[in-house]
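Engineer: What follows is a structure written as structure tokens; I'll ask about it next.
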Amino acid sequence: MAQRSDHEERDALDRLSRVQGDASLRAAVLALLMNSDSERAQEAWMYETAPLVIADDVRADVQCLTGATRLPCLEALLDRVRELPKAQRRALLQATRRVVAAQGPVQPLDRLHWLLMRRKLGDTPPVAALPVAQNEMAALPPQMLQNVAFVTAFLSRLVPGQDAKRGLLWYRAVMGRFMPQSSIPPCDPPDGDRMVHALQEVESLPWMLRPVLVRAWVEAALLTAQRARLGAPAADALRLVAGLLDSPLPPELARHYRELEW
């Protein structure tokens with residue numbers, strides 16, 4: 001894909017900021033979630049957006065976006081979809097499943113996008129637990145720490161990149177902040193169902209502890225990453241999970257993105 005200029009991106013964002021209505025929002029959201037390198041995904045996107053005359057224009061605008069704006073744009077558009085009737089929100093979720101399935105096996109980042117959509121479009125977050133003693137992660141019950149380990153193991157396939165050894169180093173660097181190294185559970189990335197259950201439990205952490213966990217993920221990523229920099233998939237994964245935890249972004253993560261004022 002050809003590199004876009006800042007001017008082209010600004011113009012594209014300006015047009016996307018005015019996207020309204022079920023069909024246009026669907027085209028934009030699906031374009032943001034679609035793997036543009038997959039011919040089958042492109043065919044599925046065309047099928048899902050066929051009634052919309054300006055669908056190709058919307059997709060062209062999405063293709064102008066850089067990694068700094070794609071996820072903030074998706075979040076902003078989903079906030080608008082949330083205002084649509086329940087039937088239209090459900091239809092978008094079903095269309096998303098079809099487009100993502102056309103790309104092949106569901107990837108870890110696809111699953112995080114899906115969970116974000118479910119939350120933005122109506123799922124109720126778990127109720128936050130009461131504060132634990134001294135608001136320390138180490139004071140959490142063993143079962144909660146196990147759920148933290150499951151979510152961290154899931155992220156270990158995304159945050160350090162494709163290197164399994166680096167992923168294990170990152171996992172142990174995170175969990176070593178909350179328990180002795182000898183007590184850290186094996187890095188066992190959970191399947192989809194177990195991940196969803198573990199994340200739901202972690203979402204019920206006391207409010208004060210959620211940013212502590214997100215900072216631990218980010219700081220360990222910077223320690224174990226090549227050149228001490230977060231890659232785009234790592235940043236997106238951590239932003240998505242921080243959003244699900246309703247946690248502010250640490251500055252090192254926030255600077256990867258251009259926040260939109262829509």
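Residue numbering restarts at 1 for every chain of the structure tokens, chains are lettered A, B, ... in their displayed order, and ligands are numbered from 1 as they appear.
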Neighbours of Arg255 in chain A within 12 Å (only C-alpha atoms; same-chain residues fewer than 2 positions away dropped), as a ChimeraX atom specification?

Structural biologist: /A:67-69,229-230,232,235,239,249-253,257-259

Engineer: Would you mind exporting C-alpha atoms of the selected residues as a compact mmCIF listing (two decimals), in the first residue's frame?

Structural biologist:
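In the end it all went to selection-v6.txt:
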```txt
# COMPACT_ATOMS: atom_id res chain seq x y z
CA GLY A 67 -1.47 3.25 12.79
CA ALA A 68 -1.67 6.34 15.00
CA THR A 69 -5.28 7.03 14.00
CA ARG A 229 10.11 0.47 21.39
CA LEU A 230 6.58 -0.85 21.11
CA ALA A 232 2.22 -1.37 16.22
CA ALA A 235 0.57 -0.95 21.08
CA ARG A 239 -4.62 -0.08 24.07
CA LEU A 249 -3.06 4.80 28.94
CA PRO A 250 0.46 5.19 30.31
CA PRO A 251 2.29 8.03 28.53
CA GLU A 252 4.63 5.58 26.76
CA LEU A 253 1.59 3.95 25.15
CA TYR A 257 -1.75 7.52 18.98
CA ARG A 258 -3.35 10.69 17.70
CA GLU A 259 -6.49 11.27 19.72
```

Engineer: What are the DSSP alpha helix (DSSP H) residues of range 48-120 of chain A, as a ChimeraX atom specification?

Structural biologist: /A:48-49,55-63,67-81,86-102,108-120

Engineer: Could you pull the residues within 8 Å of range 92-101 of chain A, counting only C-alpha atoms, minus those fewer than 4 positions along the same chain, as a CSV table (one decimal) with N, CA and C atoms, in the first residue's frame?

Structural biologist:
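Contents of selection33.csv, freshly written:
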```
chain,number,residue,atom,x,y,z
A,26,ARG,N,-21.3,1.0,9.1
A,26,ARG,CA,-20.9,-0.3,8.9
A,26,ARG,C,-19.7,-0.4,7.9
A,30,LEU,N,-16.2,-2.0,9.3
A,30,LEU,CA,-15.7,-3.2,8.6
A,30,LEU,C,-14.4,-3.0,7.9
A,33,LEU,N,-11.5,-3.0,10.3
A,33,LEU,CA,-11.2,-4.4,10.9
A,33,LEU,C,-10.8,-5.4,9.9
A,34,MET,N,-10.9,-5.1,8.6
A,34,MET,CA,-10.6,-6.0,7.5
A,34,MET,C,-9.1,-6.0,7.3
A,41,ALA,N,-11.4,-11.6,2.3
A,41,ALA,CA,-12.0,-10.6,3.2
A,41,ALA,C,-12.5,-9.4,2.4
A,44,ALA,N,-15.8,-10.4,1.1
A,44,ALA,CA,-16.8,-10.3,2.1
A,44,ALA,C,-17.2,-8.9,2.5
A,45,TRP,N,-16.3,-8.0,2.5
A,45,TRP,CA,-16.6,-6.6,2.8
A,45,TRP,C,-17.5,-6.0,1.7
A,48,GLU,N,-21.0,-7.2,2.2
A,48,GLU,CA,-21.7,-6.6,3.3
A,48,GLU,C,-22.0,-5.2,3.1
A,88,GLN,N,-29.7,-3.0,14.6
A,88,GLN,CA,-28.6,-2.6,13.7
A,88,GLN,C,-27.2,-2.9,14.3
A,105,PRO,N,-8.2,-18.2,10.0
A,105,PRO,CA,-8.3,-18.4,11.5
A,105,PRO,C,-8.3,-17.1,12.2
A,106,VAL,N,-9.2,-17.0,13.3
A,106,VAL,CA,-9.2,-15.8,14.1
A,106,VAL,C,-7.9,-15.6,14.8
A,110,ASP,N,-7.7,-10.0,16.4
A,110,ASP,CA,-9.1,-10.0,16.0
A,110,ASP,C,-10.0,-10.2,17.2
A,117,MET,N,-15.7,-4.3,20.4
A,117,MET,CA,-16.9,-4.0,19.8
A,117,MET,C,-18.1,-4.4,20.7
A,118,ARG,N,-18.0,-5.6,21.3
A,118,ARG,CA,-19.1,-6.0,22.2
A,118,ARG,C,-19.3,-5.1,23.4
```

Engineer: Would you pick out the contacts of range 171-184 of chain A at 7 Å or less, using only C-alpha atoms, so that residues sharing its chain but fewer than 3 positions from it are not included, and give the list as a PyMOL selection string?

Structural biologist: chain A and resi 137-138+149+152-153+156+167-168+187+216-217+220

Engineer: How many Å separate CA of Pro125 in chain A from CA of Trp170 in chain A?

Structural biologist: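 Value for the CA of Pro125 in chain A-CA of Trp170 in chain A distance: 27.5 Å.
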
Engineer: What is the distance, in Å and to one decimal place, between CA of Ala139 in chain A and CA of Pro185 in chain A?

Structural biologist: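 Value for the CA of Ala139 in chain A-CA of Pro185 in chain A distance: 16.6 Å.
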
Engineer: If we count only C-alpha atoms and set the cut-off at 12 Å, which residues sit around Asp123 in chain A, ignoring sequence neighbours fewer than 4 positions away in its own chain? Please answer as a ChimeraX atom specification.

Structural biologist: /A:82,86,89-90,114-119,200,244

Engineer: Counting only C-alpha atoms, which residue out of A:Arg40, A:Arg215, A:Arg59, A:Arg210 sits closest to Ala12 in chain A?

Structural biologist: A:Arg59

Engineer: A:Leu84, A:Val202, A:Met46, A:Leu32: which is nearest Cys64 in chain A, counting only C-alpha atoms?

Structural biologist: A:Leu32

Engineer: Quote the spacing between CA of Ala198 in chain A and CA of Leu77 in chain A in Å to one decimal place.

Structural biologist: 27.3 Å

Engineer: Rank A:Gln162, A:Ser24, A:Asn135, A:Gln63 by their smallest atom-to-atom distance to Pro108 in chain A, using only C-alpha atoms, and report the top residue only.

Structural biologist: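 Closest to Pro108 in chain A, using only C-alpha atoms: A:Gln162.
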
Engineer: Residues within 10 Å of Leu16 in chain A, please, as an NGL selection string. Count only C-alpha atoms; anything in the same chain fewer than 3 positions from it doesn't count.

Structural biologist: :A and (10-13 or 19-20 or 24-25 or 28 or 58-59 or 61-62 or 73 or 76-77 or 262)

Engineer: Take the residues that were just selected and, keeping C-alpha atoms, output them as a JSON list (two decimals), in the first residue's frame.

Structural biologist:
```
[["chain", "number", "residue", "atom", "x", "y", "z"],
["A", 10, "ARG", "CA", -6.21, 14.83, 7.64],
["A", 11, "ASP", "CA", -8.68, 15.07, 4.77],
["A", 12, "ALA", "CA", -9.69, 11.43, 5.21],
["A", 13, "LEU", "CA", -10.23, 11.92, 8.95],
["A", 19, "VAL", "CA", -19.88, 9.51, 8.72],
["A", 20, "GLN", "CA", -23.38, 8.85, 10.03],
["A", 24, "SER", "CA", -21.96, 4.19, 6.23],
["A", 25, "LEU", "CA", -20.85, 3.35, 9.76],
["A", 28, "ALA", "CA", -16.18, 2.26, 7.85],
["A", 58, "VAL", "CA", -15.37, 5.26, 2.76],
["A", 59, "ARG", "CA", -12.92, 2.40, 2.36],
["A", 61, "ASP", "CA", -10.56, 7.10, 3.40],
["A", 62, "VAL", "CA", -9.86, 4.29, 5.86],
["A", 73, "CYS", "CA", -11.06, 6.20, 14.68],
["A", 76, "ALA", "CA", -15.02, 6.93, 17.84],
["A", 77, "LEU", "CA", -17.11, 5.24, 15.14],
["A", 262, "TRP", "CA", -14.95, 14.32, 17.02]]
```

Engineer: Which neighbours of Leu238 in chain A fall inside 8 Å, counting only C-alpha atoms, when residues of the same chain fewer than 4 positions from it are skipped, and could you give them as a ChimeraX atom specification?

Structural biologist: /A:159,214,217-218,234,242,253

Engineer: Take the residues from that selection and write them out as an mmCIF file, in the first residue's frame, keeping C-alpha atoms.

Structural biologist:
```cif
data_model
loop_
_atom_site.group_PDB
_atom_site.id
_atom_site.type_symbol
_atom_site.label_atom_id
_atom_site.label_comp_id
_atom_site.auth_asym_id
_atom_site.auth_seq_id
_atom_site.Cartn_x
_atom_site.Cartn_y
_atom_site.Cartn_z
ATOM 1 C CA VAL A 159 3.165 -7.683 22.670
ATOM 2 C CA VAL A 214 -1.505 -1.858 32.375
ATOM 3 C CA TRP A 217 2.463 -4.680 30.710
ATOM 4 C CA VAL A 218 3.824 -1.554 29.004
ATOM 5 C CA ALA A 234 1.845 -4.507 20.635
ATOM 6 C CA ALA A 242 -6.585 -0.989 28.615
ATOM 7 C CA LEU A 253 1.592 3.946 25.145
#
```

Engineer: Measuring atom to atom with only C-alpha atoms, identify which of A:Pro233, A:Asp163, A:Gln146, A:Pro211 is nearest to Met195 in chain A.

Structural biologist: A:Gln146
